[in-house]
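> Sharing work-v1.cif, mmCIF, C-alpha atoms:
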```cif
data_target
#
loop_
_atom_site.label_atom_id
_atom_site.label_comp_id
_atom_site.auth_asym_id
_atom_site.auth_seq_id
_atom_site.Cartn_x
_atom_site.Cartn_y
_atom_site.Cartn_z
CA MET A 1 18.63 -6.58 62.54
CA LEU A 2 18.00 -4.49 65.63
CA VAL A 3 21.36 -2.80 65.09
CA ALA A 4 20.33 -1.96 61.52
CA VAL A 5 17.19 -0.23 62.80
CA ILE A 6 18.73 1.77 65.65
CA ALA A 7 21.92 2.69 63.76
CA GLY A 8 20.20 5.70 62.18
CA PHE A 9 19.14 7.06 65.57
CA VAL A 10 22.62 6.56 67.04
CA LEU A 11 24.37 8.26 64.13
CA ALA A 12 21.86 11.12 64.25
CA MET A 13 22.99 11.92 67.80
CA LEU A 14 26.62 12.01 66.65
CA VAL A 15 26.08 14.40 63.73
CA PRO A 16 26.69 17.64 65.74
CA ARG A 17 30.10 16.30 66.78
CA LEU A 18 30.96 15.01 63.33
CA MET A 19 29.97 18.20 61.51
CA PRO A 20 33.05 20.28 62.53
CA LEU A 21 35.34 17.37 61.62
CA LEU A 22 33.84 16.49 58.24
CA GLY A 23 32.71 19.88 56.98
CA ASP A 24 31.41 19.82 53.42
CA ARG A 25 32.05 16.05 53.19
CA ILE A 26 29.38 15.32 55.80
CA GLY A 27 26.79 14.16 53.26
CA TRP A 28 29.17 11.70 51.60
CA CYS A 29 30.33 10.32 54.94
CA LEU A 30 26.83 9.87 56.37
CA ALA A 31 25.80 8.09 53.15
CA ILE A 32 28.11 5.24 54.18
CA LEU A 33 25.51 4.06 56.72
CA PRO A 34 22.53 3.60 54.35
CA ALA A 35 24.89 2.13 51.73
CA THR A 36 26.16 -0.40 54.28
CA LEU A 37 22.61 -1.24 55.35
CA PHE A 38 21.65 -1.68 51.70
CA GLY A 39 24.39 -4.27 51.36
CA TYR A 40 23.29 -5.93 54.60
CA PHE A 41 19.67 -6.31 53.48
CA LEU A 42 20.74 -7.36 50.01
CA GLY A 43 22.43 -10.32 51.68
CA PHE A 44 18.98 -11.69 52.55
CA TRP A 45 17.97 -11.73 48.87
CA PRO A 46 18.72 -15.44 48.21
CA ALA A 47 16.83 -16.61 51.30
CA VAL A 48 13.80 -14.38 50.75
CA THR A 49 13.50 -15.09 47.03
CA GLY A 50 13.74 -18.77 47.93
CA GLY A 51 10.52 -18.45 49.93
CA GLN A 52 11.99 -18.03 53.42
CA THR A 53 10.66 -15.52 55.95
CA VAL A 54 13.40 -14.30 58.28
CA LEU A 55 12.28 -13.65 61.87
CA HIS A 56 14.27 -11.96 64.66
CA HIS A 57 13.02 -11.76 68.24
CA TYR A 58 14.10 -9.24 70.89
CA ASP A 59 12.45 -8.81 74.29
CA TRP A 60 11.21 -5.27 74.99
CA ILE A 61 8.34 -5.30 77.52
CA PRO A 62 7.63 -9.03 77.93
CA SER A 63 5.12 -8.48 80.76
CA LEU A 64 2.85 -6.63 78.35
CA GLY A 65 3.54 -8.92 75.41
CA ILE A 66 5.41 -6.15 73.58
CA ASN A 67 8.53 -7.31 71.79
CA LEU A 68 10.80 -5.93 69.11
CA ASN A 69 10.14 -8.68 66.62
CA PHE A 70 11.30 -8.14 63.07
CA MET A 71 10.12 -9.97 59.96
CA LEU A 72 11.85 -9.90 56.61
CA ASP A 73 9.99 -11.27 53.60
CA GLY A 74 9.61 -10.11 50.01
CA LEU A 75 7.52 -7.05 50.84
CA SER A 76 9.60 -5.76 53.75
CA LEU A 77 12.86 -6.52 51.90
CA MET A 78 11.79 -4.42 48.93
CA PHE A 79 10.95 -1.48 51.20
CA ALA A 80 14.17 -1.87 53.20
CA LEU A 81 16.22 -1.79 50.00
CA LEU A 82 14.32 1.29 48.78
CA ILE A 83 14.77 3.13 52.09
CA THR A 84 18.50 2.46 52.30
CA GLY A 85 19.30 2.57 48.58
CA ILE A 86 17.52 5.86 47.85
CA GLY A 87 18.66 7.15 51.23
CA THR A 88 22.29 6.76 50.16
CA PHE A 89 21.81 9.18 47.28
CA ILE A 90 19.62 11.52 49.34
CA PHE A 91 22.37 12.08 51.93
CA ILE A 92 24.93 12.79 49.21
CA TYR A 93 22.48 15.16 47.51
CA ALA A 94 21.47 16.90 50.76
CA GLY A 95 25.08 17.53 51.75
CA ARG A 96 25.67 19.38 48.50
CA TYR A 97 22.22 21.01 48.16
CA LEU A 98 22.43 22.67 51.59
CA GLN A 99 26.17 23.19 51.64
CA GLY A 100 26.98 26.16 53.84
CA HIS A 101 23.52 26.28 55.45
CA LYS A 102 23.78 27.02 59.16
CA ASP A 103 21.33 24.24 60.07
CA ILE A 104 22.44 21.53 57.67
CA HIS A 105 23.41 19.30 60.59
CA LYS A 106 19.82 19.43 61.87
CA LEU A 107 18.40 18.32 58.53
CA LEU A 108 20.84 15.42 58.36
CA MET A 109 19.98 14.42 61.93
CA TYR A 110 16.27 14.39 61.16
CA LEU A 111 16.84 12.41 57.95
CA LEU A 112 18.86 9.76 59.81
CA ALA A 113 16.20 9.46 62.51
CA PHE A 114 13.52 9.18 59.84
CA MET A 115 15.44 6.44 58.07
CA GLY A 116 15.64 4.45 61.30
CA ALA A 117 11.93 4.95 62.00
CA MET A 118 10.95 3.88 58.49
CA LEU A 119 13.11 0.78 58.65
CA GLY A 120 11.56 -0.12 61.99
CA LEU A 121 8.08 0.32 60.53
CA VAL A 122 8.52 -1.96 57.53
CA LEU A 123 10.46 -4.61 59.46
CA SER A 124 8.28 -4.79 62.59
CA SER A 125 6.30 -7.95 63.16
CA ASN A 126 4.79 -6.82 66.47
CA LEU A 127 1.79 -4.49 66.02
CA ILE A 128 2.69 -2.27 68.97
CA SER A 129 6.27 -1.69 67.87
CA LEU A 130 4.99 -1.08 64.33
CA PHE A 131 2.76 1.68 65.68
CA VAL A 132 5.63 3.23 67.65
CA PHE A 133 7.77 3.45 64.52
CA TRP A 134 4.73 4.70 62.56
CA GLU A 135 4.40 7.66 64.90
CA LEU A 136 8.14 8.29 64.81
CA THR A 137 7.90 8.74 61.05
CA SER A 138 5.15 11.34 61.60
CA PHE A 139 7.24 13.19 64.18
CA THR A 140 10.43 13.23 62.11
CA SER A 141 8.38 14.27 59.06
CA TYR A 142 7.06 17.23 61.07
CA LEU A 143 10.63 18.31 61.88
CA LEU A 144 11.72 17.93 58.27
CA ILE A 145 8.76 19.77 56.71
CA GLY A 146 9.22 22.60 59.18
CA PHE A 147 12.99 22.77 58.66
CA ASN A 148 12.72 26.35 57.32
CA HIS A 149 10.86 27.34 60.47
CA GLU A 150 11.47 31.03 59.93
CA GLN A 151 8.94 30.85 57.11
CA GLU A 152 5.27 30.87 58.11
CA LYS A 153 4.40 28.66 55.13
CA ALA A 154 6.77 25.94 56.35
CA ARG A 155 5.42 26.08 59.90
CA LYS A 156 1.82 25.79 58.74
CA ALA A 157 2.61 22.93 56.37
CA ALA A 158 4.49 21.05 59.11
CA LEU A 159 1.62 21.43 61.58
CA GLN A 160 -0.96 20.45 58.99
CA GLY A 161 0.92 17.31 57.96
CA PHE A 162 1.58 16.36 61.58
CA PHE A 163 -2.01 16.82 62.76
CA ILE A 164 -3.41 14.79 59.86
CA THR A 165 -0.93 11.91 60.03
CA ALA A 166 -0.81 11.83 63.84
CA GLY A 167 -4.62 11.99 64.02
CA GLY A 168 -4.81 9.10 61.62
CA GLY A 169 -2.20 7.38 63.76
CA LEU A 170 -4.55 7.45 66.76
CA ALA A 171 -7.20 5.69 64.69
CA LEU A 172 -4.56 3.23 63.53
CA MET A 173 -3.55 2.49 67.12
CA ALA A 174 -7.13 1.61 68.01
CA GLY A 175 -7.43 -0.51 64.88
CA LEU A 176 -4.20 -2.42 65.56
CA ILE A 177 -5.17 -3.10 69.17
CA LEU A 178 -8.55 -4.34 67.96
CA LEU A 179 -6.82 -6.49 65.34
CA GLY A 180 -4.61 -8.05 67.99
CA HIS A 181 -7.67 -8.74 70.13
CA LEU A 182 -9.63 -10.31 67.27
CA GLY A 183 -6.71 -12.41 66.06
CA GLY A 184 -5.50 -13.44 69.49
CA SER A 185 -1.95 -12.26 68.76
CA PHE A 186 -0.02 -9.07 68.17
CA GLU A 187 2.45 -10.75 65.82
CA LEU A 188 1.89 -10.12 62.13
CA HIS A 189 3.41 -13.40 61.00
CA GLU A 190 0.75 -15.20 63.07
CA LEU A 191 -2.16 -12.92 62.14
CA LEU A 192 -1.64 -13.19 58.40
CA THR A 193 -2.66 -16.85 58.49
CA GLN A 194 -6.02 -16.10 60.15
CA GLY A 195 -7.80 -14.23 57.37
CA THR A 196 -11.14 -16.04 57.39
CA ASP A 197 -11.32 -16.26 61.19
CA VAL A 198 -10.68 -12.54 61.67
CA GLN A 199 -13.16 -11.52 58.96
CA GLN A 200 -15.94 -13.43 60.70
CA GLN A 201 -15.55 -11.44 63.93
CA PRO A 202 -18.37 -8.94 64.73
CA LEU A 203 -15.88 -6.07 65.19
CA PHE A 204 -14.02 -6.75 61.95
CA LEU A 205 -15.63 -3.82 60.08
CA ALA A 206 -14.81 -1.34 62.87
CA MET A 207 -11.22 -2.58 62.95
CA MET A 208 -10.91 -2.24 59.18
CA VAL A 209 -12.26 1.34 59.18
CA LEU A 210 -9.85 2.42 61.93
CA ILE A 211 -6.83 0.93 60.18
CA LEU A 212 -7.81 2.45 56.84
CA LEU A 213 -8.17 5.89 58.46
CA GLY A 214 -4.55 5.60 59.51
CA THR A 215 -3.30 4.35 56.16
CA PHE A 216 -5.36 6.83 54.13
CA THR A 217 -4.06 9.86 56.06
CA LYS A 218 -0.46 8.65 55.74
CA SER A 219 -0.71 7.88 52.02
CA ALA A 220 -2.63 11.10 51.19
CA GLN A 221 -5.81 9.46 49.95
CA THR A 222 -8.80 11.69 49.20
CA PRO A 223 -10.07 13.58 51.22
CA PHE A 224 -6.74 13.80 53.08
CA HIS A 225 -4.65 14.39 49.97
CA PHE A 226 -4.17 18.16 50.44
CA TRP A 227 -1.43 17.88 53.07
CA LEU A 228 1.08 16.31 50.69
CA PRO A 229 1.36 19.16 48.12
CA ASN A 230 1.53 21.66 50.99
CA ALA A 231 4.45 19.68 52.44
CA MET A 232 6.50 20.79 49.44
CA ALA A 233 7.53 23.72 51.64
CA ALA A 234 10.22 21.31 52.86
CA PRO A 235 13.69 21.36 51.28
CA THR A 236 13.96 19.27 48.12
CA PRO A 237 15.97 16.39 49.71
CA VAL A 238 13.06 15.92 52.12
CA SER A 239 10.51 15.91 49.31
CA ALA A 240 12.58 13.41 47.33
CA TYR A 241 12.99 11.03 50.26
CA LEU A 242 9.84 11.29 52.36
CA HIS A 243 7.14 12.50 50.00
CA SER A 244 7.84 10.35 46.97
CA ALA A 245 9.83 7.25 47.85
CA THR A 246 9.25 6.29 51.49
CA MET A 247 6.98 7.87 54.11
CA VAL A 248 3.86 8.38 52.01
CA LYS A 249 4.16 4.75 50.95
CA ALA A 250 3.98 3.60 54.58
CA GLY A 251 0.20 3.52 54.26
CA VAL A 252 0.48 1.54 51.04
CA TYR A 253 2.90 -0.82 52.79
CA LEU A 254 0.46 -1.52 55.61
CA MET A 255 -2.44 -2.09 53.22
CA ALA A 256 -0.28 -4.50 51.21
CA ARG A 257 0.92 -6.18 54.40
CA LEU A 258 -2.63 -6.83 55.59
CA GLN A 259 -3.91 -7.83 52.14
CA PRO A 260 -3.45 -11.61 52.71
CA MET A 261 -5.64 -11.37 55.81
CA MET A 262 -8.23 -9.07 54.22
CA ALA A 263 -8.37 -10.82 50.83
CA GLY A 264 -11.84 -11.63 49.60
CA ASN A 265 -13.65 -9.21 51.92
CA GLU A 266 -16.01 -7.08 49.81
CA ALA A 267 -15.87 -4.05 52.12
CA TRP A 268 -12.07 -4.01 51.98
CA MET A 269 -11.93 -4.41 48.21
CA LEU A 270 -14.64 -1.83 47.52
CA THR A 271 -13.24 0.79 49.91
CA LEU A 272 -9.69 0.59 48.57
CA SER A 273 -10.79 0.50 44.94
CA LEU A 274 -13.17 3.44 45.35
CA PHE A 275 -10.90 5.75 47.36
CA GLY A 276 -7.87 4.76 45.31
CA GLY A 277 -9.65 5.49 42.04
CA VAL A 278 -10.90 8.87 43.24
CA THR A 279 -7.45 9.82 44.57
CA MET A 280 -5.84 8.77 41.30
CA THR A 281 -8.22 10.99 39.32
CA VAL A 282 -7.94 14.00 41.64
CA GLY A 283 -4.14 13.79 41.70
CA ALA A 284 -3.89 13.62 37.92
CA LEU A 285 -6.24 16.58 37.40
CA MET A 286 -4.48 18.76 39.96
CA ALA A 287 -1.07 17.94 38.49
CA VAL A 288 -2.22 19.14 35.07
CA CYS A 289 -3.55 22.39 36.55
CA SER A 290 -0.44 23.25 38.63
CA THR A 291 2.44 25.45 37.53
CA ASP A 292 4.81 24.98 40.48
CA LEU A 293 7.33 22.26 39.58
CA LYS A 294 7.37 20.58 42.99
CA ARG A 295 3.58 20.74 43.34
CA ILE A 296 3.21 19.08 39.94
CA LEU A 297 5.42 16.24 41.17
CA ALA A 298 3.53 16.14 44.48
CA PHE A 299 0.13 15.81 42.80
CA SER A 300 1.51 13.15 40.47
CA THR A 301 2.63 11.33 43.62
CA VAL A 302 -0.93 11.57 44.95
CA MET A 303 -2.07 10.05 41.67
CA ALA A 304 0.45 7.22 42.05
CA LEU A 305 -0.61 6.54 45.65
CA GLY A 306 -4.24 6.34 44.54
CA THR A 307 -3.29 3.91 41.78
CA LEU A 308 -1.41 1.69 44.22
CA THR A 309 -4.34 1.69 46.66
CA MET A 310 -6.78 0.84 43.89
CA LEU A 311 -4.61 -2.05 42.67
CA ILE A 312 -4.33 -3.49 46.18
CA GLY A 313 -8.12 -3.18 46.49
CA ILE A 314 -8.64 -5.11 43.26
CA GLY A 315 -6.56 -7.81 44.89
CA THR A 316 -6.02 -10.21 42.00
CA PRO A 317 -2.52 -11.74 41.62
CA HIS A 318 -1.83 -9.67 38.51
CA ALA A 319 -3.09 -6.47 40.20
CA LEU A 320 -0.84 -7.05 43.21
CA GLU A 321 2.15 -7.75 40.98
CA ALA A 322 1.42 -4.57 39.03
CA ALA A 323 1.13 -2.61 42.29
CA MET A 324 4.54 -3.74 43.53
CA VAL A 325 6.27 -3.15 40.21
CA PHE A 326 4.71 0.32 39.96
CA LEU A 327 5.63 1.08 43.60
CA LEU A 328 9.27 0.23 42.90
CA ALA A 329 9.37 2.14 39.61
CA HIS A 330 7.65 5.19 41.11
CA ALA A 331 10.04 5.37 44.05
CA LEU A 332 13.02 5.30 41.71
CA TYR A 333 11.88 7.77 39.09
CA LYS A 334 10.04 10.18 41.38
CA GLY A 335 12.94 10.49 43.78
CA ALA A 336 15.19 11.29 40.82
CA LEU A 337 12.69 13.82 39.45
CA PHE A 338 12.45 15.64 42.78
CA MET A 339 16.22 15.91 42.94
CA ALA A 340 16.26 17.21 39.37
CA ALA A 341 13.58 19.76 40.30
CA GLY A 342 15.69 20.83 43.26
CA THR A 343 18.67 21.29 40.98
CA LEU A 344 16.61 23.51 38.68
CA ASP A 345 15.30 25.55 41.60
CA HIS A 346 18.79 25.84 43.10
CA GLU A 347 20.32 27.11 39.86
CA THR A 348 17.48 29.23 38.44
CA GLY A 349 15.80 30.48 41.63
CA THR A 350 12.28 29.56 40.48
CA LYS A 351 9.98 26.55 40.40
CA ASP A 352 7.43 28.11 38.03
CA VAL A 353 7.37 25.95 34.89
CA ARG A 354 6.21 28.98 32.88
CA GLU A 355 9.61 30.53 33.49
CA LEU A 356 11.68 27.39 32.92
CA SER A 357 12.51 27.04 29.25
CA GLY A 358 15.63 26.82 27.12
CA LEU A 359 17.67 25.29 29.97
CA ARG A 360 19.13 22.42 27.97
CA SER A 361 21.99 24.54 26.67
CA ALA A 362 22.64 26.12 30.07
CA MET A 363 22.38 22.84 32.05
CA PRO A 364 23.33 20.05 29.61
CA GLN A 365 24.25 17.47 32.28
CA THR A 366 20.94 17.90 34.12
CA ALA A 367 19.07 17.67 30.81
CA LEU A 368 20.92 14.44 29.96
CA PHE A 369 20.07 12.72 33.22
CA ILE A 370 16.42 13.80 33.10
CA THR A 371 16.24 12.36 29.58
CA LEU A 372 17.82 9.08 30.74
CA ARG A 373 15.25 8.91 33.53
CA ARG A 374 12.53 8.89 30.93
CA CYS A 375 13.95 5.78 29.21
CA ARG A 376 12.05 2.58 29.92
CA TRP A 377 14.22 -0.44 30.58
CA PRO A 378 12.65 -3.95 30.65
CA VAL A 379 14.32 -4.86 33.94
CA PHE A 380 11.48 -6.27 35.99
CA ARG A 381 9.35 -9.00 34.46
CA ARG A 382 7.77 -10.36 37.60
CA CYS A 383 7.40 -9.26 41.19
CA SER A 384 6.18 -11.81 43.72
CA VAL A 385 6.60 -9.99 47.03
CA LEU A 386 2.94 -10.56 47.86
CA SER A 387 2.82 -14.19 46.80
CA PRO A 388 1.59 -16.66 49.43
CA ARG A 389 5.03 -18.15 49.95
CA SER A 390 6.48 -14.79 51.08
#
```
Show me this structure written as structure tokens.

Amino acid sequence: MLVAVIAGFVLAMLVPRLMPLLGDRIGWCLAILPATLFGYFLGFWPAVTGGQTVLHHYDWIPSLGINLNFMLDGLSLMFALLITGIGTFIFIYAGRYLQGHKDIHKLLMYLLAFMGAMLGLVLSSNLISLFVFWELTSFTSYLLIGFNHEQEKARKAALQGFFITAGGGLALMAGLILLGHLGGSFELHELLTQGTDVQQQPLFLAMMVLILLGTFTKSAQTPFHFWLPNAMAAPTPVSAYLHSATMVKAGVYLMARLQPMMAGNEAWMLTLSLFGGVTMTVGALMAVCSTDLKRILAFSTVMALGTLTMLIGIGTPHALEAAMVFLLAHALYKGALFMAAGTLDHETGTKDVRELSGLRSAMPQTALFITLRRCRWPVFRRCSVLSPRS
């Protein structure tokens, strides 16, 4: 599993050498890695759905109690499959979308590094290694948002997103260290069984506030929601991968991961329900008022993130099941919508919805796939990634 996590970083370093050899096929060739990892993680499906939690231990800094421990259960498996599955299509799309761009190799390098960081985040069992990967996602996101660094808008958006998420990361670091101190362990698989004991600690409330500051900044909860629409200055493949399907859901992932330990605490439930509900409302209203196609999708993502946070805060079995089903559905359809928006922008030269009309005859294939995206298929009846057995 360690190889699966570091493979993205290794391949990222090889991209400059591969680019002259592969040329315009670079996107298709790089997509082999996430596709292979998707198959690898899919192999754990029988064990995880059977109630097994897969643990892998690797020594890192044993003297400080810091290890690269990875845990694969229903929640982390779903995220790993989303990261690698959607990533496969993103690399193919990015290779074509930026074909001929002088810095396409840089974008692909950053995307590979981000994929590795995100996999490390959702698979980490050790709190310290989780934080390291958390910050790596913020750093790679900064590079990706600021990819068009010649543009002042892109530079400002990259700095804004980095300062907010990295600032929240500092609060998260303090919260995770405090959590490890209160629980007597820095291993998540041990902490998740100590819910009542941790909640009775005098510093529990301070720990909860610090962790939520980190998760709220990452998942663009109000009042930190403004950085996400501004991040649409990034190229469309970045928006489709980071800002709809993966990175912004890192905060949701951590809230869902800690839910078994926080369950029943009134402060936890009230805070998540309140901020999630407000974010959901603000995102929906701003989406209706926007005219830029990518900003509309960005604000609808803010709405979705608020909904997920609110459902986790409600905390009932049905609410948690609804949250996970919605998280999966949103990642799939929103990633596809961002890529469709990028196609429209690439072909028409505008993202203003007031200027986009009558395109069905000019772009029939794009119209067909957008229409198919809107179909609702009864595929998922039940999602139990947050059930006690996982």
> Taking (31.7, 19.3, 54.4) as a centre in this file's frame and 12 Å as the limit, can you find every polymer residue with an atom that close, using only C-alpha atoms, and give them as a PyMOL selection string?
chain A and resi 15+18-30+92+94-101+104-105
> For a quick check of understanding, using only C-alpha atoms, which of A:Gly342, A:Gly167, A:Gly50, A:Pro229 has the smallest distance to Met286 (chain A)?
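For Met286 (chain A), the nearest of the given residues is A:Pro229.
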> Evaluated on this file, the PyMOL selection byres ((chain A and resi 9) around 9) picks out some residues - which ones are they, written as a VMD selection string?
chain A and resid 5 to 8 10 to 13 109 112 to 117
> Between CA of Ile312 (chain A) and CA of Gly85 (chain A), what is the distance, to one decimal in Å?
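Distance between the two atoms: 24.5 Å.
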> Of the candidates A:Tyr40, A:Tyr58, A:Phe70, A:Phe147, which one gets nearest to Leu127 (chain A) if we count only C-alpha atoms?
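Smallest separation from Leu127 (chain A) among the options: A:Phe70.
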> Written as a ChimeraX atom specification, which residues does the PyMOL selection byres ((chain A and resi 84) around 7) give for the file shown?
/A:34-35,37-38,80-83,85-88
> How many Å lie between CA of Val48 (chain A) and CA of Met71 (chain A), rounded to one decimal?
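A separation of 10.9 Å between them.
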> Once the PyMOL selection byres ((chain A and resi 221-226) around 12) is applied to the coordinates I shared, what remains selected? I want it as JSON, numbers by chain.
{"A": [157, 160, 161, 163, 164, 165, 167, 168, 212, 213, 214, 215, 216, 217, 218, 219, 220, 227, 228, 229, 230, 231, 232, 243, 248, 249, 251, 252, 271, 272, 273, 274, 275, 276, 277, 278, 279, 280, 281, 282, 283, 286, 295, 298, 299, 300, 301, 302, 303, 304, 305, 306, 307, 308, 309, 310]}
> With distances taken over only C-alpha atoms, which of A:Gly183, A:Phe91, A:Lys106, A:Asn126 is nearest to Asp59 (chain A)?
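The closest residue to Asp59 (chain A) is A:Asn126.
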> Pick the closest to Leu311 (chain A) from A:Thr49, A:Gln151, A:Ser129, A:Gln259: which is it, counting all atoms listed in the file?
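Once distances to Leu311 (chain A) are computed over all atoms listed in the file, the minimum belongs to A:Gln259.
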> Give the answer as one residue: which of A:Ile296, A:Leu123, A:Met339, A:Leu182 has the shortest atom-to-atom distance to Gly195 (chain A), using only C-alpha atoms?
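Result for the nearest residue to Gly195 (chain A): A:Leu182.
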> What is the CA of Val3 (chain A) to CA of Asp103 (chain A) distance in Å?
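Straight-line distance from CA of Val3 (chain A) to CA of Asp103 (chain A) works out to 27.5 Å.
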> With distances taken over only C-alpha atoms, which residue among A:Leu77, A:Ile370, A:Ile61, A:Leu188 lies nearest Arg257 (chain A)?
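Counting only C-alpha atoms, the residue closest to Arg257 (chain A) is A:Leu188.
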> Find the residues near Glu347 (chain A): any atom within 12 Å, counting only C-alpha atoms, skip ones fewer than 2 places away on the same chain, and give them as a list in words.
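Once the adjacent positions are removed, what remains is Tyr97, Ala340, Ala341, Gly342, Thr343, Leu344, Asp345, Gly349, Thr350, Lys351, Leu356, Leu359, Ala362, Met363 and Thr366 of chain A.
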